[in-house]
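Participant: I have a structure I would like to understand better, so I am pasting it below and will then ask my questions one at a time.
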Amino acid sequence: MYSLTRIYFLEAYFELVKTLRTPSFVLPSLLFPVMFYLFFGVLFSPPGASNTSAYLLATYCTFGVMGPALFSFGAEVAVEKDRNMLALKQISPMPIFAYFNAKFITSAVFALIIILSLFTVAATLADVRLSTQQWLATMAVLLFGTLPFCALGLWLGLTLKAQSAPAVVNLIYLPMSFLSGLWIPLQLFPEFLQKMAFALPPYHLAQLTLKVQGLDDGHHWFIHLGALVFITGFCSIFAYLAFAKQSEA
């Protein structure tokens, strides 16, 4: 007879192993943020521009942690729902929350790998110098910041069909990243696009991360935190309603 803790552990372990055996998920998730940062934060950054590299470290880390959260929940849940694997989990003795917890743990592990990879590149090749407290605070903010994207991904995964989910997630993920100033600083955007960014969760996560380094836009931290909490709650409610509807079907 397995204990509840062991059930949660095994579900998370096998979910992580399954994901690691999916190159189409692993390679883009881990390589794209590092590759982009190498180009724009290292190779194309002016010599001695450590503030630019530190700024791009925060924004590309934000871009990096979004991907596993959105795709682990958005695309994979949609596939498993349509293949009735989610229904099988529901009728098994396992608590259904263990299934969603396993998805979150997997996205958090990938986020941590991405963060540490970018930290290593920033410290060794881009001459980014932060205190130990700043490195740790940056990591903590980014890991916390996966929650709204997990909630958004879950809502999408429970709503979309398996065939359309990857495309829809990409159509949300990439434009939202661009419009939040993760690739190009918002100061270079027209004023109406700068105002639009304030409604997007990646902007608030990036600003919280930049605040640790003192490179943010100057808004109070609780505005960004409140926006992320609101988005997490909003998406979680709709994900719950979608799950309840799917369970009744």
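Ordering of the structure tokens sets the chain letters (A, B, ...), residue numbers begin anew at 1 in every chain, and ligands are numbered from 1 in the order given.
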Sorted by chain and rising residue number, which residues of range 63-130 of chain A lie within 12 Å of range 236-243 of chain A, and what are their closest atom pairs and distances in Å to one decimal, counting only C-alpha atoms, as a Markdown table?
Facilitator:
```
| residue | atom | partner | partner_atom | distance |
| --- | --- | --- | --- | --- |
| A:Phe73 | CA | A:Ala239 | CA | 10.8 |
| A:Gly74 | CA | A:Ala239 | CA | 10.9 |
| A:Val77 | CA | A:Phe243 | CA | 10.9 |
| A:Ala78 | CA | A:Phe243 | CA | 11.4 |
| A:Lys81 | CA | A:Phe243 | CA | 10.1 |
| A:Leu86 | CA | A:Phe243 | CA | 10.2 |
| A:Ala87 | CA | A:Phe243 | CA | 10.6 |
| A:Gln90 | CA | A:Phe243 | CA | 10.9 |
| A:Ile96 | CA | A:Phe243 | CA | 11.0 |
| A:Phe97 | CA | A:Tyr240 | CA | 11.7 |
| A:Phe100 | CA | A:Phe243 | CA | 11.5 |
```
Participant: DSSP on the backbone: what in range 26-190 of chain A comes out helix (DSSP H, G or I), as an MDAnalysis selection string?
Facilitator: chainID A and resid 26:43 50:82 85:91 96:125 132:144 146:159 165:179 186:188
Participant: Show me, as a ChimeraX atom specification, the residues that have an atom within 7 Å of Val42 in chain A when counting only C-alpha atoms, minus same-chain residues fewer than 3 positions from it.
Facilitator: /A:37-39,45,53,125-126
Participant: Using 12 Å as the limit and counting only C-alpha atoms, can you tabulate each residue of range 196-245 of chain A that touches range 183-191 of chain A, with its shortest atom-to-atom distance in Å and the two atoms involved, as a tab-separated table?
Facilitator:
```
residue	atom	partner	partner_atom	distance
A:Met196	CA	A:Glu191	CA	8.7
A:Ala197	CA	A:Leu186	CA	8.2
A:Phe198	CA	A:Leu186	CA	10.6
A:Pro202	CA	A:Trp183	CA	11.3
A:Tyr203	CA	A:Leu186	CA	9.4
A:Ala206	CA	A:Pro185	CA	11.0
A:Gln207	CA	A:Leu186	CA	11.2
A:Leu215	CA	A:Pro185	CA	11.6
A:Asp216	CA	A:Pro185	CA	11.0
A:Asp217	CA	A:Leu186	CA	9.7
```
Participant: Would you put the residues from that selection into a file with C-alpha atoms, as a CSV table (one decimal), in the first residue's frame?
Facilitator:
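Final output, part39.csv:
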```csv
chain,number,residue,atom,x,y,z
A,196,MET,CA,-0.4,47.2,-23.9
A,197,ALA,CA,2.5,45.4,-22.2
A,198,PHE,CA,1.1,46.3,-18.8
A,202,PRO,CA,5.5,38.2,-18.9
A,203,TYR,CA,6.0,42.0,-18.6
A,206,ALA,CA,10.3,40.5,-16.1
A,207,GLN,CA,9.9,43.7,-14.2
A,215,LEU,CA,16.9,47.9,-13.7
A,216,ASP,CA,13.1,47.9,-13.7
A,217,ASP,CA,10.7,50.6,-15.0
```
Participant: Could you check which of A:Phe25, A:Phe178, A:Phe234, A:Phe104 is closest to Ala75 in chain A, using only C-alpha atoms?
Facilitator: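 Among A:Phe25, A:Phe178, A:Phe234, A:Phe104, it is A:Phe25 that comes nearest to Ala75 in chain A.
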Participant: Please compute the CA of Leu116 in chain A-CA of Ser180 in chain A distance, one decimal, in Å.
Facilitator: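 If I compute the distance from CA of Leu116 in chain A to CA of Ser180 in chain A, I get 22.5 Å.
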Participant: Might you pull out every residue within 12 Å of Leu200 in chain A, with only C-alpha atoms counted and same-chain residues fewer than 2 positions away left off, and present them as an MDAnalysis selection string?
Facilitator: chainID A and resid 148:149 152 172:173 175:182 193:198 202:207 224 227:228 230:231
Participant: Leaving out Phe9 in chain A and any residue of its chain fewer than 5 positions from it, which residues lie within 10 Å of it when counting only C-alpha atoms, given as a compact mmCIF listing (two decimals) with C-alpha atoms, in the first residue's frame?
Facilitator:
```txt
# COMPACT_ATOMS: atom_id res chain seq x y z
CA SER A 3 1.57 6.28 1.04
CA LEU A 4 0.18 9.52 -0.39
CA PHE A 14 7.55 9.31 -14.14
CA GLU A 15 6.17 12.54 -15.62
CA ALA A 98 -1.02 14.37 -8.15
CA ASN A 101 1.34 18.49 -9.38
CA ALA A 102 3.57 16.26 -11.53
CA ILE A 105 7.15 19.85 -10.85
```
Participant: My list of candidates is A:Val169, A:Ala58, A:Met94, A:Cys150. Which is closest to Arg6 in chain A when distances are computed with only C-alpha atoms?
Facilitator: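 Once distances to Arg6 in chain A are computed over only C-alpha atoms, the minimum belongs to A:Met94.
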